[in-house]
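For reference, structure30.txt is printed below; it contains compact mmCIF, C-alpha atoms and all ligand atoms.
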# COMPACT_ATOMS: atom_id res chain seq x y z
CA MET A 1 19.83 0.01 21.56
CA ALA A 2 22.77 1.71 19.83
CA ILE A 3 22.32 1.90 16.09
CA GLU A 4 25.36 1.18 14.02
CA VAL A 5 25.76 3.83 11.33
CA PRO A 6 27.28 2.35 8.20
CA ALA A 7 30.14 4.19 6.58
CA PRO A 8 29.06 6.36 3.69
CA ALA A 9 29.63 4.79 0.32
CA GLU A 10 31.87 6.68 -2.03
CA SER A 11 29.64 8.97 -4.01
CA LEU A 12 29.43 12.14 -5.97
CA PRO A 13 28.95 15.40 -4.05
CA TYR A 14 25.34 16.38 -3.39
CA GLU A 15 25.35 19.25 -5.89
CA ALA A 16 26.65 17.00 -8.67
CA LEU A 17 24.03 14.35 -7.93
CA VAL A 18 21.21 16.89 -7.95
CA GLY A 19 22.46 18.37 -11.22
CA LEU A 20 22.41 14.96 -12.90
CA ASP A 21 19.08 14.09 -11.28
CA GLN A 22 17.44 17.27 -12.52
CA ALA A 23 18.86 16.70 -15.99
CA HIS A 24 17.96 13.03 -16.41
CA LEU A 25 15.58 11.54 -13.84
CA LEU A 26 11.81 11.87 -14.14
CA HIS A 27 10.28 11.13 -10.73
CA PRO A 28 6.88 9.83 -9.66
CA GLN A 29 4.41 12.73 -9.40
CA HIS A 30 6.99 14.95 -11.02
CA HIS A 31 7.06 18.70 -11.08
CA PRO A 32 10.43 20.50 -11.21
CA ALA A 33 9.25 22.95 -8.53
CA ASP A 34 8.96 20.04 -6.09
CA HIS A 35 12.49 18.94 -6.89
CA THR A 36 14.68 21.99 -6.37
CA ASP A 37 16.25 20.74 -3.13
CA PRO A 38 15.68 16.97 -3.09
CA VAL A 39 16.79 14.68 -0.31
CA VAL A 40 19.20 12.16 -1.80
CA PHE A 41 18.94 9.11 0.44
CA ALA A 42 22.06 7.11 1.02
CA ARG A 43 21.68 4.63 3.86
CA GLY A 44 19.16 3.17 6.25
CA ARG A 45 19.07 1.15 9.49
CA GLY A 46 15.85 0.18 11.21
CA ALA A 47 13.56 3.22 11.16
CA ILE A 48 16.38 5.68 10.42
CA LEU A 49 17.50 7.05 7.05
CA TRP A 50 20.56 9.15 6.23
CA ASP A 51 21.02 11.28 3.14
CA VAL A 52 24.23 11.82 1.19
CA ARG A 53 24.91 14.94 3.26
CA GLY A 54 24.86 12.84 6.43
CA ARG A 55 21.55 14.19 7.69
CA ARG A 56 19.49 11.77 9.79
CA TYR A 57 15.75 11.30 9.41
CA ILE A 58 13.19 9.12 11.17
CA ASP A 59 11.40 7.30 8.36
CA GLY A 60 7.89 8.45 9.23
CA LEU A 61 6.14 6.59 6.39
CA SER A 62 8.27 3.44 6.02
CA CYS A 63 9.38 5.22 2.81
CA LEU A 64 6.17 4.54 0.84
CA TRP A 65 4.27 2.51 3.47
CA ASN A 66 6.36 -0.51 2.55
CA VAL A 67 9.56 -0.92 4.57
CA ASN A 68 7.77 -2.84 7.33
CA VAL A 69 10.83 -4.70 8.68
CA GLY A 70 12.99 -1.57 8.55
CA HIS A 71 16.13 -0.74 6.63
CA GLY A 72 19.48 -2.49 6.47
CA ARG A 73 18.41 -6.11 6.97
CA SER A 74 21.40 -8.10 5.81
CA GLU A 75 19.48 -11.38 5.82
CA LEU A 76 17.21 -10.07 3.07
CA ALA A 77 20.26 -9.03 1.07
CA ALA A 78 21.78 -12.47 1.65
CA ALA A 79 18.58 -14.20 0.51
CA ALA A 80 18.65 -12.17 -2.72
CA ALA A 81 22.35 -12.89 -3.30
CA ARG A 82 21.91 -16.64 -2.69
CA GLN A 83 18.99 -16.84 -5.10
CA MET A 84 20.69 -14.70 -7.75
CA GLU A 85 23.75 -16.92 -7.68
CA ARG A 86 21.61 -20.02 -8.05
CA LEU A 87 18.94 -18.74 -10.46
CA ALA A 88 18.20 -15.02 -10.59
CA PHE A 89 15.27 -15.31 -12.95
CA ALA A 90 13.27 -17.90 -14.82
CA ASN A 91 10.20 -17.99 -17.00
CA ALA A 92 7.14 -18.84 -14.92
CA TYR A 93 4.52 -18.91 -17.68
CA ALA A 94 2.29 -22.00 -17.49
CA GLY A 95 4.46 -25.03 -18.12
CA SER A 96 7.36 -23.78 -15.99
CA SER A 97 7.91 -22.73 -12.39
CA ASN A 98 10.51 -22.22 -9.67
CA GLU A 99 10.89 -23.25 -6.07
CA PRO A 100 10.85 -19.87 -4.27
CA ALA A 101 7.60 -18.90 -6.02
CA ILE A 102 6.00 -22.29 -5.37
CA THR A 103 6.86 -22.29 -1.69
CA LEU A 104 5.93 -18.63 -1.26
CA ALA A 105 2.49 -19.17 -2.80
CA ALA A 106 2.02 -22.15 -0.47
CA ARG A 107 3.21 -20.11 2.51
CA LEU A 108 0.84 -17.27 1.70
CA ALA A 109 -2.03 -19.77 1.49
CA GLY A 110 -1.39 -20.44 5.17
CA LEU A 111 -1.46 -16.72 5.99
CA THR A 112 -4.50 -15.61 3.98
CA PRO A 113 -8.04 -16.12 5.28
CA GLU A 114 -9.72 -19.49 4.87
CA GLY A 115 -10.76 -20.12 1.26
CA LEU A 116 -8.10 -17.93 -0.40
CA ARG A 117 -5.26 -20.19 -1.45
CA THR A 118 -4.18 -19.40 -5.02
CA THR A 119 -1.69 -16.61 -5.73
CA PHE A 120 -0.63 -14.87 -8.93
CA PHE A 121 2.50 -12.76 -8.40
CA THR A 122 3.03 -9.27 -9.81
CA THR A 123 5.70 -6.66 -9.17
CA GLY A 124 3.61 -4.04 -7.39
CA GLY A 125 0.31 -2.69 -6.23
CA ALA A 126 -1.13 -1.31 -9.46
CA GLU A 127 -0.30 -4.50 -11.35
CA SER A 128 -2.05 -6.44 -8.59
CA ASN A 129 -5.17 -4.32 -8.80
CA ASP A 130 -5.24 -4.47 -12.61
CA THR A 131 -4.93 -8.24 -12.33
CA ALA A 132 -7.83 -8.36 -9.87
CA ILE A 133 -10.03 -6.14 -12.06
CA LYS A 134 -9.34 -8.17 -15.19
CA THR A 135 -9.83 -11.44 -13.33
CA ALA A 136 -13.18 -10.31 -11.94
CA ARG A 137 -14.43 -9.55 -15.46
CA PHE A 138 -12.96 -12.79 -16.83
CA TYR A 139 -14.68 -14.75 -14.06
CA TRP A 140 -18.10 -13.29 -14.87
CA HIS A 141 -17.56 -14.06 -18.55
CA LEU A 142 -16.89 -17.66 -17.64
CA GLN A 143 -20.04 -17.66 -15.54
CA GLY A 144 -22.05 -16.69 -18.62
CA ARG A 145 -22.55 -13.11 -17.40
CA PRO A 146 -20.31 -11.02 -19.69
CA GLU A 147 -22.35 -7.88 -19.05
CA LYS A 148 -20.97 -7.76 -15.47
CA THR A 149 -18.06 -5.40 -16.20
CA LYS A 150 -18.39 -2.36 -13.93
CA ILE A 151 -15.82 -1.79 -11.21
CA VAL A 152 -16.88 0.23 -8.18
CA SER A 153 -14.32 1.94 -5.97
CA ARG A 154 -14.41 4.50 -3.18
CA GLU A 155 -13.90 8.24 -3.24
CA ASP A 156 -10.42 9.07 -1.89
CA GLY A 157 -9.32 5.51 -2.67
CA TYR A 158 -5.84 4.99 -4.10
CA HIS A 159 -5.17 1.86 -6.13
CA GLY A 160 -2.18 2.85 -8.28
CA VAL A 161 -1.84 4.59 -11.61
CA THR A 162 -1.73 2.06 -14.44
CA MET A 163 -4.77 2.49 -16.72
CA GLY A 164 -7.13 0.20 -14.80
CA ALA A 165 -5.85 1.04 -11.35
CA MET A 166 -5.93 4.75 -12.19
CA ALA A 167 -9.56 4.50 -13.20
CA ALA A 168 -10.32 2.86 -9.85
CA THR A 169 -8.25 5.45 -7.99
CA ALA A 170 -10.73 8.13 -6.98
CA LEU A 171 -8.43 10.93 -5.92
CA PRO A 172 -9.24 13.75 -8.34
CA ALA A 173 -5.62 14.85 -8.84
CA PHE A 174 -4.71 11.63 -10.65
CA HIS A 175 -7.04 11.90 -13.65
CA PRO A 176 -6.70 15.26 -15.44
CA ARG A 177 -5.00 15.14 -18.84
CA PHE A 178 -4.57 11.35 -18.79
CA GLY A 179 -7.97 10.68 -20.31
CA PRO A 180 -9.97 9.17 -21.70
CA LEU A 181 -10.21 6.80 -18.76
CA PRO A 182 -11.31 3.24 -19.43
CA PRO A 183 -15.10 2.94 -19.27
CA ASP A 184 -17.20 1.18 -16.63
CA PHE A 185 -15.54 2.51 -13.49
CA ARG A 186 -17.77 4.08 -10.82
CA HIS A 187 -16.92 5.81 -7.53
CA VAL A 188 -18.99 5.86 -4.33
CA PRO A 189 -18.69 7.80 -1.06
CA ALA A 190 -16.09 5.99 0.98
CA MET A 191 -17.71 5.15 4.29
CA SER A 192 -21.32 4.42 3.39
CA ALA A 193 -22.38 0.85 2.74
CA ALA A 194 -25.83 2.23 1.86
CA ALA A 195 -24.24 4.34 -0.90
CA LEU A 196 -22.60 1.22 -2.33
CA GLU A 197 -25.88 -0.65 -2.31
CA GLY A 198 -27.67 2.32 -3.88
CA LEU A 199 -25.12 2.56 -6.67
CA ILE A 200 -25.28 -1.17 -7.42
CA GLN A 201 -29.08 -0.92 -7.62
CA ASP A 202 -28.95 2.18 -9.82
CA GLU A 203 -26.38 0.72 -12.21
CA GLY A 204 -28.13 -2.66 -12.24
CA PRO A 205 -26.44 -5.50 -10.32
CA GLU A 206 -26.30 -7.47 -13.58
CA THR A 207 -23.70 -4.91 -14.82
CA VAL A 208 -21.42 -4.76 -11.76
CA ALA A 209 -18.39 -7.05 -11.62
CA ALA A 210 -16.56 -6.01 -8.48
CA PHE A 211 -16.11 -3.57 -5.65
CA ILE A 212 -12.54 -2.65 -4.68
CA ALA A 213 -11.54 -0.99 -1.41
CA GLU A 214 -8.58 -0.44 0.88
CA PRO A 215 -9.33 -1.71 4.41
CA VAL A 216 -7.92 1.60 5.68
CA GLN A 217 -7.61 4.28 3.05
CA GLY A 218 -3.95 5.24 3.00
CA ALA A 219 -2.73 7.73 0.41
CA GLY A 220 -6.16 9.40 0.51
CA GLY A 221 -5.37 10.56 4.05
CA VAL A 222 -5.57 7.57 6.44
CA TYR A 223 -9.28 6.94 6.91
CA PRO A 224 -10.27 3.84 8.92
CA PRO A 225 -13.89 2.76 8.31
CA PRO A 226 -16.73 2.56 10.84
CA ALA A 227 -16.78 -0.86 12.54
CA ASP A 228 -19.84 -2.12 10.67
CA TYR A 229 -18.74 -0.91 7.23
CA PHE A 230 -16.90 -3.93 5.84
CA PRO A 231 -19.27 -6.55 7.33
CA ARG A 232 -22.10 -4.70 5.55
CA VAL A 233 -20.06 -4.42 2.34
CA ARG A 234 -19.53 -8.18 2.42
CA GLU A 235 -23.29 -8.77 2.77
CA ILE A 236 -24.10 -6.35 -0.05
CA CYS A 237 -21.54 -7.90 -2.41
CA ASP A 238 -22.99 -11.34 -1.65
CA ARG A 239 -26.57 -10.13 -2.15
CA TYR A 240 -25.86 -8.69 -5.62
CA ASP A 241 -23.23 -11.17 -6.87
CA VAL A 242 -20.50 -8.54 -6.84
CA LEU A 243 -16.93 -9.70 -6.16
CA PHE A 244 -15.22 -7.96 -3.27
CA ILE A 245 -11.56 -7.07 -3.97
CA ALA A 246 -9.54 -6.04 -0.91
CA ASP A 247 -6.63 -3.77 -1.77
CA GLU A 248 -4.32 -4.77 1.08
CA VAL A 249 -1.29 -3.17 -0.59
CA ILE A 250 -0.66 -0.96 2.46
CA THR A 251 -2.59 -2.82 5.14
CA GLY A 252 -1.14 -6.29 4.50
CA PHE A 253 1.80 -7.74 6.43
CA GLY A 254 0.95 -6.33 9.81
CA ARG A 255 0.54 -2.61 9.30
CA THR A 256 -2.71 -2.24 11.28
CA GLY A 257 -1.82 -4.73 14.03
CA THR A 258 -3.42 -7.76 12.35
CA PHE A 259 -1.73 -9.61 9.52
CA TRP A 260 -4.34 -8.37 7.00
CA GLY A 261 -6.31 -5.19 7.46
CA LEU A 262 -9.69 -6.83 6.86
CA GLN A 263 -9.06 -9.19 9.78
CA GLN A 264 -9.83 -6.20 12.00
CA TRP A 265 -13.48 -6.82 11.10
CA ASN A 266 -13.35 -10.57 10.36
CA VAL A 267 -14.26 -10.03 6.75
CA VAL A 268 -13.00 -12.24 3.92
CA PRO A 269 -12.72 -10.84 0.38
CA ASP A 270 -13.02 -12.77 -2.89
CA ILE A 271 -9.70 -11.41 -4.16
CA LEU A 272 -6.93 -10.07 -1.95
CA CYS A 273 -4.32 -7.77 -3.52
CA PHE A 274 -0.96 -7.25 -1.85
CA ALA A 275 2.46 -5.70 -2.58
CA LYS A 276 4.74 -3.38 -0.54
CA GLY A 277 5.13 -5.21 2.81
CA VAL A 278 5.52 -8.65 1.21
CA THR A 279 9.22 -7.81 0.66
CA SER A 280 9.32 -4.63 2.77
CA GLY A 281 10.40 -2.95 -0.46
CA TYR A 282 13.73 -4.79 -0.70
CA LEU A 283 12.67 -5.99 -4.17
CA PRO A 284 9.49 -5.28 -6.13
CA LEU A 285 6.81 -7.90 -5.58
CA GLY A 286 3.03 -7.98 -5.33
CA GLY A 287 0.24 -10.38 -6.01
CA VAL A 288 -3.41 -11.35 -5.91
CA VAL A 289 -4.83 -14.23 -3.94
CA LEU A 290 -7.99 -15.73 -5.43
CA SER A 291 -10.84 -17.42 -3.61
CA ASP A 292 -11.24 -21.12 -4.22
CA ALA A 293 -14.53 -20.39 -5.99
CA ILE A 294 -12.84 -18.12 -8.55
CA ARG A 295 -9.86 -20.43 -8.93
CA ASP A 296 -12.14 -23.44 -9.54
CA VAL A 297 -13.92 -21.62 -12.35
CA LEU A 298 -10.61 -20.54 -13.95
CA TYR A 299 -9.13 -24.04 -13.65
CA SER A 300 -12.10 -25.94 -15.07
CA GLN A 301 -12.20 -24.41 -18.55
CA PRO A 302 -11.50 -26.12 -21.88
CA PRO A 303 -7.93 -25.65 -23.22
CA GLU A 304 -8.87 -22.75 -25.52
CA VAL A 305 -10.18 -20.67 -22.60
CA LYS A 306 -6.92 -19.53 -21.11
CA TRP A 307 -6.55 -16.73 -18.59
CA MET A 308 -4.37 -14.65 -20.97
CA HIS A 309 -2.89 -12.42 -18.30
CA ALA A 310 0.85 -12.30 -17.70
CA TYR A 311 3.86 -10.31 -16.58
CA THR A 312 7.46 -11.17 -17.45
CA TYR A 313 8.37 -10.84 -13.79
CA SER A 314 5.47 -12.81 -12.33
CA ALA A 315 6.77 -15.33 -9.77
CA HIS A 316 10.26 -13.79 -9.95
CA PRO A 317 12.47 -16.24 -8.03
CA THR A 318 14.73 -13.64 -6.41
CA CYS A 319 11.82 -11.42 -5.33
CA CYS A 320 10.07 -14.49 -3.90
CA ALA A 321 13.21 -15.58 -2.02
CA VAL A 322 13.42 -12.12 -0.46
CA ALA A 323 9.73 -12.31 0.49
CA HIS A 324 10.45 -15.55 2.36
CA ALA A 325 13.28 -13.89 4.28
CA ASN A 326 11.01 -10.91 5.01
CA LEU A 327 8.25 -13.19 6.33
CA ASP A 328 10.84 -14.98 8.47
CA VAL A 329 11.68 -11.64 10.10
CA ILE A 330 8.03 -10.69 10.59
CA GLU A 331 7.32 -14.03 12.25
CA ARG A 332 10.51 -14.36 14.31
CA GLU A 333 10.31 -10.83 15.68
CA GLY A 334 6.55 -10.86 16.24
CA LEU A 335 6.15 -7.70 14.18
CA VAL A 336 2.38 -7.96 13.76
CA ALA A 337 1.89 -7.93 17.53
CA ARG A 338 4.50 -5.18 17.76
CA ALA A 339 2.52 -3.09 15.26
CA ALA A 340 -0.57 -3.52 17.44
CA ARG A 341 1.31 -2.49 20.59
CA LEU A 342 3.26 0.42 19.09
CA GLY A 343 0.23 1.36 17.04
CA ALA A 344 -1.77 1.89 20.23
CA ARG A 345 1.05 4.10 21.47
CA LEU A 346 1.14 6.10 18.23
CA GLN A 347 -2.63 6.59 18.32
CA GLY A 348 -2.34 7.69 21.95
CA ARG A 349 0.27 10.29 21.08
CA LEU A 350 -1.78 11.56 18.12
CA ALA A 351 -4.88 11.76 20.32
CA GLU A 352 -3.02 14.24 22.55
CA LEU A 353 -3.09 16.63 19.59
CA ARG A 354 -6.86 16.40 19.23
CA ASN A 355 -7.51 19.53 21.28
CA ALA A 356 -4.74 21.63 19.77
CA PRO A 357 -6.34 24.70 18.16
CA ALA A 358 -4.71 24.01 14.77
CA VAL A 359 -5.91 20.41 14.67
CA ARG A 360 -9.23 19.47 13.14
CA GLU A 361 -9.11 15.70 13.54
CA VAL A 362 -6.77 12.81 14.24
CA ARG A 363 -7.33 9.40 12.68
CA GLY A 364 -5.60 6.07 12.47
CA LEU A 365 -5.35 2.37 13.12
CA GLY A 366 -2.27 0.46 14.19
CA LEU A 367 0.87 2.02 12.75
CA MET A 368 -1.07 4.24 10.33
CA GLY A 369 -2.05 7.69 11.46
CA ALA A 370 -3.05 11.15 10.27
CA VAL A 371 -3.36 14.58 11.82
CA GLU A 372 -5.69 16.83 9.88
CA LEU A 373 -5.22 20.56 10.38
CA GLU A 374 -7.91 23.19 10.51
CA PRO A 375 -7.93 24.87 7.10
CA GLY A 376 -6.02 28.13 7.34
CA ALA A 377 -4.61 27.39 10.79
CA ILE A 378 -1.07 27.11 9.46
CA PRO A 379 0.16 28.98 6.38
CA GLY A 380 0.90 26.28 3.81
CA SER A 381 -1.01 23.78 5.94
CA ALA A 382 0.19 20.14 6.07
CA GLY A 383 2.74 20.74 3.31
CA ALA A 384 4.47 23.35 5.46
CA VAL A 385 4.35 21.07 8.50
CA VAL A 386 5.93 18.19 6.55
CA ALA A 387 8.64 20.50 5.18
CA GLU A 388 9.48 21.74 8.66
CA MET A 389 9.40 18.19 10.07
CA LYS A 390 11.96 17.28 7.43
CA ARG A 391 14.22 20.08 8.68
CA ARG A 392 13.73 18.68 12.19
CA GLY A 393 14.66 15.14 11.17
CA VAL A 394 11.38 13.36 10.35
CA PHE A 395 10.58 12.43 6.77
CA THR A 396 6.95 11.86 5.81
CA ARG A 397 4.20 12.90 3.41
CA TYR A 398 0.84 14.67 3.48
CA ARG A 399 -2.44 14.86 1.63
CA ASN A 400 -4.48 18.05 1.57
CA ASP A 401 -4.55 19.26 5.19
CA SER A 402 -3.44 15.94 6.70
CA VAL A 403 0.04 14.92 7.80
CA ILE A 404 0.27 11.15 7.43
CA LEU A 405 2.43 8.67 9.33
CA ALA A 406 3.22 4.97 8.99
CA PRO A 407 6.64 4.21 10.51
CA PRO A 408 8.36 0.84 10.14
CA LEU A 409 7.00 -1.90 12.40
CA VAL A 410 10.46 -2.08 14.01
CA ILE A 411 10.63 1.57 15.04
CA ALA A 412 12.19 1.84 18.51
CA GLU A 413 9.96 3.21 21.25
CA ASN A 414 12.16 6.27 21.75
CA GLU A 415 12.11 6.93 17.98
CA LEU A 416 8.31 6.73 18.00
CA GLU A 417 8.26 9.28 20.83
CA GLU A 418 10.68 11.50 18.91
CA LEU A 419 8.47 11.27 15.81
CA ALA A 420 5.38 12.28 17.80
CA ASP A 421 7.28 15.04 19.64
CA VAL A 422 8.55 16.54 16.36
CA LEU A 423 5.05 16.49 14.87
CA ALA A 424 3.47 18.07 17.95
CA ALA A 425 6.15 20.76 18.28
CA THR A 426 6.04 21.58 14.57
CA VAL A 427 2.26 21.99 14.58
CA ARG A 428 2.49 24.14 17.71
CA ASP A 429 5.35 26.31 16.39
CA LEU A 430 3.79 26.91 12.98
CA SER A 431 0.29 27.65 14.27
CA THR A 432 -0.81 31.21 13.88
CA SER A 433 -2.32 32.77 17.01
CA LEU A 434 -5.59 30.89 17.30
C1 LIG B 501 -3.60 0.89 -1.41
C2 LIG B 501 -2.66 0.96 -2.56
N1 LIG B 501 -2.93 0.25 -3.67
C3 LIG B 501 -2.11 0.27 -4.73
C4 LIG B 501 -0.98 1.05 -4.73
C5 LIG B 501 -0.11 1.09 -5.96
O1 LIG B 501 1.05 0.40 -5.73
P1 LIG B 501 2.29 0.58 -6.74
O2 LIG B 501 2.78 1.97 -6.56
O3 LIG B 501 3.25 -0.49 -6.26
O4 LIG B 501 1.79 0.31 -8.11
C6 LIG B 501 -0.65 1.79 -3.61
C7 LIG B 501 0.59 2.62 -3.57
O5 LIG B 501 0.80 3.41 -2.69
C8 LIG B 501 -1.52 1.76 -2.50
O6 LIG B 501 -1.28 2.50 -1.41
What is this structure when it is put down as structure tokens?
Amino acid sequence: MAIEVPAPAESLPYEALVGLDQAHLLHPQHHPADHTDPVVFARGRGAILWDVRGRRYIDGLSCLWNVNVGHGRSELAAAAARQMERLAFANAYAGSSNEPAITLAARLAGLTPEGLRTTFFTTGGAESNDTAIKTARFYWHLQGRPEKTKIVSREDGYHGVTMGAMAATALPAFHPRFGPLPPDFRHVPAMSAAALEGLIQDEGPETVAAFIAEPVQGAGGVYPPPADYFPRVREICDRYDVLFIADEVITGFGRTGTFWGLQQWNVVPDILCFAKGVTSGYLPLGGVVLSDAIRDVLYSQPPEVKWMHAYTYSAHPTCCAVAHANLDVIEREGLVARAARLGARLQGRLAELRNAPAVREVRGLGLMGAVELEPGAIPGSAGAVVAEMKRRGVFTRYRNDSVILAPPLVIAENELEELADVLAATVRDLSTSL
């Protein structure tokens, strides 16, 4: 299929943009040394991005694991424009509401697992996880168990960087110099249900509010769990009255080949957090879906016991309208099934690298994958591979020794092959004589 390349918008020259950027724009995970020669993105279509210098890149990570339906979808732009003309924003605090948010919450109730039907909207992943953490504590208070406050998360888990989410995030790089962290957060080894049970017993189940986990760890390096892990986690959480929060911020909306990541193991959480793929990044939106049991407790309190949690942009009508248009695309184009089919192909291509001397391990599920290099096999390791892949027209990210991939669910088959070919050739070309 020929891809139409939109005409470049009028813009400043690259050098002028970078000068202004370096003078005025503080970036996520900022260090000036990482920003000497930035890519300045200008346009996108499907799984392809172009920068202001006209260079073409395959979007190897759906930008930040979020552009599931691909770039340049005019129907999402039209949905935003229609809603902005009608009512761009409205207060949605209790006592007021709006139609796109109402119908989106109802639509999500038909997409979430049985028994999860009540959504609170946020504008992103960290806000969703903070909401879930606060709600878990609030719930136990209402149940007469205010000492249940501890939040358990997994080593290498990434849950965002607001205060609460940062404390749950258990990637060591995110904590130094931001302390003190909020109390009552604990981390356990990621893939051991026995370790979770041991920690709950050691801490005292009467002090543990919730366990939070990504179905497939993403930013930590793409780690799918053993098949029995989440079923056992569910049992343990039930046994000790610990709420199970699923952080589906990456894995939701089809990424792994099922609509939700936890559906891979038929496990239902008590609170489901989402963001990213709900709008494919076209506007910021996230949310938490509560179990009926939690909702019933929240809804049956006397008037003075309000759930005093709120964001100005909760239930933002324009963001919700765009989410509807995004879900329309996912459904009409069968993108969840496509992720399963193309995901198998991606995993097959990555598996071919398993025996390469520079490769230690390949991992993945659906359209999420990682290639971990042998330490020392390539000078500069995964960072050097990602830099060279960028020069060869694939844009992605890495963690430690792992190159990570999560292309848009719409990536064309030949683009997926190109992505895998560039990765394989780069690893081969940069490998020292092993
Ligand atoms: C699993 C997971 N949870 C939460 C977040 C935080 O989302 P946000 O950056 O929208 O706050 C991320 C972001 O990458 C994520 O991958």
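Counting from atom CA of Glu127 of chain A, the distance to atom CA of Asp247 of chain A is 11.5 Å.
Shortest atom-to-atom contact with ligand LIG 501 (chain B) among A:Val305, A:Leu171, A:Leu76, A:Val242: A:Leu171, counting all atoms listed in the file.
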Would you mind listing what lies within 12 Å of Leu416 of chain A as number ranges by chain, with all atoms listed in the file counted and same-chain residues fewer than 4 positions away left out?
A: 47-48, 58-61, 339, 341-350, 367, 394, 405-412, 420-423
Taking into account only C-alpha atoms and all ligand atoms, which residue in the set A:Ala337, A:Ala173, A:Ile212, A:Ala315 is nearest to ligand LIG 501 (chain B)?
A:Ile212
If you count only C-alpha atoms, the residue of A:Leu116, A:Val362, A:Ile245, A:Cys63 closest to Arg397 of chain A turns out to be A:Cys63
